[in-house]
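Asker: Here you go, one structure.
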Amino acid sequence: MAPTVTLDRAEARPGGRVLVRLAGWPAGTVVIEVCGAGPAGCAVDSSVQTHLAGTGLGGAALTAAVPPGGCPCQVRVTTLDRRLTAAAPLALTGDPGARPAPAAEHRATVPPVVTAVAVERDPGWWSRLGGPARHTLVVRLRNDGTAPAAVTMSVTVGRGDDPSGFVPPPAVPDLAVGEERAVRVPVSLPALAFGTWTVEGRVVTAGVAAPFRASVESRPWGPTALLGVAVVVLLAVELLRRRPRTAPIRPAEGSGGAGPSVG
């Protein structure tokens with residue numbers, strides 16, 4: 001089934017809300033935005049991201065905005081890797097004085113530079129005992145461009161080189177020219193999470209993405225300690241079971257324990 005996009009209305013005023021329904025999409029995050037029907041561009045400032053489960057069904061509310069270059073317009077949905085895209089027409093009416101969103105030359109067209117990526121570990125004891133862990137991803141961004149940068153961020157977590165676990169994306173305010181900022185994203189791991197976990201993400205500005213990646217080691221010692229105690233107890237029980245038992249000493253026959261006879 002090819003991915004589809006349907007809208008709850010065919011027309012909307014700029015600033016109005018449009019409900020976008022999706023079907024037939026692969027699991028993952030998609031970007032929803034209002035775009036010009038030609039190469040004029042999209043209203044990236046009003047774009048939204050939503051995560052779709054394995055059913056391929058989902059949706060989101062989108063604020064209608066006039067894209068650079070104006071209309072005819074469409075609501076376009078694209079996967080983060082841009083392999084799949086689909087659209088539905090949308091007429092923007094009722095406000096003849098509506099102005100298009102800022103043109104590309106007044107907004108950054110490339111994402112900020114990712115200067116550092118790190119994962120701050122969960123400081124709680126519960127995670128060390130094997131409970132769920134709540135780490136914090138810290139991504140430092142710097143806008144080296146000549147215009148403010150509107151930023152959206154997507155993050156996934158999992159084992160191996162292709163993590164697919166959904167992480168709620170943070171809201172990132174626009175970065176001014178020359179501004180550097182640390183974006184903090186909570187990342188949760190399940191209980192009894194062992195080994196190396198990969199945190200992967202993308203910083204997107206005007207449809208251009210800058211990838212980043214980090215990893216975190218999860219070695220809760222609680223289950224290991226409990227296993228060690230159980231092994232020691234089992235070994236002790238086994239040693240006691242195999243320990244030879246000393247038979248009780250019985251008096252010899254005929255001795256009867258009687259004292260010497262008197263003549």
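We name chains A, B, ... following the order of the structure tokens; residues begin at 1 in each chain, and ligands are numbered from 1 as shown.
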May I have the residues within 10 Å of Leu19 in chain A as a CSV table (one decimal) with N, CA, C and O atoms, in the first residue's frame, using only C-alpha atoms and disregarding those fewer than 5 positions away in the same chain?
Answerer:
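Output contents, as saved in part.csv:
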```csv
chain,number,residue,atom,x,y,z
A,6,THR,N,-4.5,12.5,3.7
A,6,THR,CA,-5.8,13.1,3.6
A,6,THR,C,-6.0,14.2,4.6
A,6,THR,O,-5.4,14.2,5.7
A,7,LEU,N,-6.8,15.2,4.3
A,7,LEU,CA,-7.0,16.4,5.1
A,7,LEU,C,-8.5,16.5,5.5
A,7,LEU,O,-9.3,16.0,4.8
A,8,ASP,N,-8.7,17.1,6.7
A,8,ASP,CA,-10.1,17.2,7.1
A,8,ASP,C,-10.8,18.4,6.4
A,8,ASP,O,-12.0,18.5,6.6
A,9,ARG,N,-10.1,19.1,5.6
A,9,ARG,CA,-10.7,20.2,4.8
A,9,ARG,C,-9.9,20.5,3.6
A,9,ARG,O,-8.7,20.2,3.6
A,59,GLY,N,-1.4,10.8,12.4
A,59,GLY,CA,-1.8,12.1,12.0
A,59,GLY,C,-1.3,13.1,12.9
A,59,GLY,O,-0.7,12.9,14.0
A,60,ALA,N,-1.6,14.4,12.6
A,60,ALA,CA,-1.2,15.5,13.4
A,60,ALA,C,-2.0,16.7,13.0
A,60,ALA,O,-2.5,16.8,11.8
A,61,ALA,N,-2.0,17.7,13.8
A,61,ALA,CA,-2.7,19.0,13.5
A,61,ALA,C,-1.6,19.9,13.0
A,61,ALA,O,-0.5,20.1,13.6
A,62,LEU,N,-1.8,20.6,11.9
A,62,LEU,CA,-0.9,21.5,11.3
A,62,LEU,C,-1.4,22.9,11.1
A,62,LEU,O,-2.6,23.1,10.8
A,63,THR,N,-0.6,23.9,11.5
A,63,THR,CA,-1.0,25.3,11.3
A,63,THR,C,-0.8,25.7,9.8
A,63,THR,O,0.4,25.6,9.4
```
Asker: Sorted by chain and rising residue number, which residues of range 159-196 of chain A lie within 7 Å of range 131-144 of chain A, and what are their closest atom pairs and distances in Å to one decimal, counting only C-alpha atoms, as CSV?
Answerer:
```
residue,atom,partner,partner_atom,distance
A:Leu175,CA,A:Asn143,CA,6.3
A:Ala176,CA,A:Asn143,CA,6.8
A:Val177,CA,A:Asn143,CA,5.6
A:Gly178,CA,A:Asn143,CA,5.1
A:Glu179,CA,A:Asn143,CA,5.6
A:Glu180,CA,A:Arg142,CA,4.1
A:Arg181,CA,A:Leu141,CA,5.4
A:Ala182,CA,A:Arg140,CA,4.3
A:Val183,CA,A:Val139,CA,5.2
A:Arg184,CA,A:Val138,CA,4.6
A:Val185,CA,A:Leu137,CA,5.0
A:Pro186,CA,A:Thr136,CA,4.6
A:Val187,CA,A:His135,CA,5.2
A:Ser188,CA,A:Arg134,CA,4.4
A:Leu189,CA,A:Ala133,CA,5.1
A:Pro190,CA,A:Pro132,CA,4.6
A:Ala191,CA,A:Pro132,CA,4.1
A:Leu192,CA,A:Gly131,CA,6.2
```
Asker: Keeping C-alpha atoms for every residue in the selection just given, could you write it to a file as a PDB file, in the first residue's frame?
Answerer:
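Now in selection.pdb:
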```pdb
ATOM      1  CA  LEU A 175      19.156  30.164  16.997  1.00  0.00           C
ATOM      2  CA  ALA A 176      20.310  33.717  16.377  1.00  0.00           C
ATOM      3  CA  VAL A 177      23.336  34.408  14.207  1.00  0.00           C
ATOM      4  CA  GLY A 178      26.463  33.317  16.095  1.00  0.00           C
ATOM      5  CA  GLU A 179      24.464  31.820  18.989  1.00  0.00           C
ATOM      6  CA  GLU A 180      25.586  28.572  20.625  1.00  0.00           C
ATOM      7  CA  ARG A 181      23.185  26.553  22.744  1.00  0.00           C
ATOM      8  CA  ALA A 182      23.040  23.190  24.523  1.00  0.00           C
ATOM      9  CA  VAL A 183      19.867  21.203  23.805  1.00  0.00           C
ATOM     10  CA  ARG A 184      19.032  18.613  26.489  1.00  0.00           C
ATOM     11  CA  VAL A 185      16.891  15.613  25.539  1.00  0.00           C
ATOM     12  CA  PRO A 186      15.689  12.957  28.068  1.00  0.00           C
ATOM     13  CA  VAL A 187      16.439   9.446  26.781  1.00  0.00           C
ATOM     14  CA  SER A 188      14.979   6.441  28.617  1.00  0.00           C
ATOM     15  CA  LEU A 189      16.299   2.868  28.623  1.00  0.00           C
ATOM     16  CA  PRO A 190      14.194  -0.096  29.777  1.00  0.00           C
ATOM     17  CA  ALA A 191      14.804  -2.118  32.919  1.00  0.00           C
ATOM     18  CA  LEU A 192      17.698  -4.610  32.784  1.00  0.00           C
TER      19      LEU A 192
END
```
Asker: Residues within 7 Å of Val204 in chain A, please, as an MDAnalysis selection string. Count only C-alpha atoms; anything in the same chain fewer than 2 positions from it doesn't count.
Answerer: chainID A and resid 111 151:153 202 206:210
Asker: Please dump the current selection as a short mmCIF file (atom, residue, chain, number, x, y, z; two decimals), in the first residue's frame; keep C-alpha atoms.
Answerer:
```cif
data_model
loop_
_atom_site.label_atom_id
_atom_site.label_comp_id
_atom_site.auth_asym_id
_atom_site.auth_seq_id
_atom_site.Cartn_x
_atom_site.Cartn_y
_atom_site.Cartn_z
CA PRO A 111 21.29 23.58 10.03
CA VAL A 151 15.59 24.02 14.07
CA THR A 152 13.70 20.75 14.45
CA MET A 153 15.33 17.68 15.95
CA ARG A 202 19.21 14.71 13.10
CA ALA A 206 14.88 24.14 5.85
CA GLY A 207 14.83 20.45 4.90
CA VAL A 208 18.60 20.02 5.29
CA ALA A 209 19.76 17.62 8.03
CA ALA A 210 22.91 17.39 10.14
#
```
Asker: Find the residue from A:Pro14, A:Thr50, A:Glu200, A:Leu90 that sits nearest to Phe212 in chain A; use only C-alpha atoms when measuring.
Answerer: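 Comparing A:Pro14, A:Thr50, A:Glu200, A:Leu90 against Phe212 in chain A, the winner is A:Glu200.
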Asker: Provide the CA of Ala147 in chain A to CA of Gly15 in chain A distance in Å, to one decimal place.
Answerer: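 These two atoms are separated by 24.0 Å.
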Asker: Would you work out the distance separating CA of Cys42 in chain A from CA of Gly145 in chain A, expressed in Å to one decimal?
Answerer: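 So the answer is 19.8 Å.
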Asker: Quick check, in Å to one decimal: how far apart do CA of Val119 in chain A and CA of Arg82 in chain A lie?
Answerer: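 Computing it gives 27.7 Å between the two atoms.
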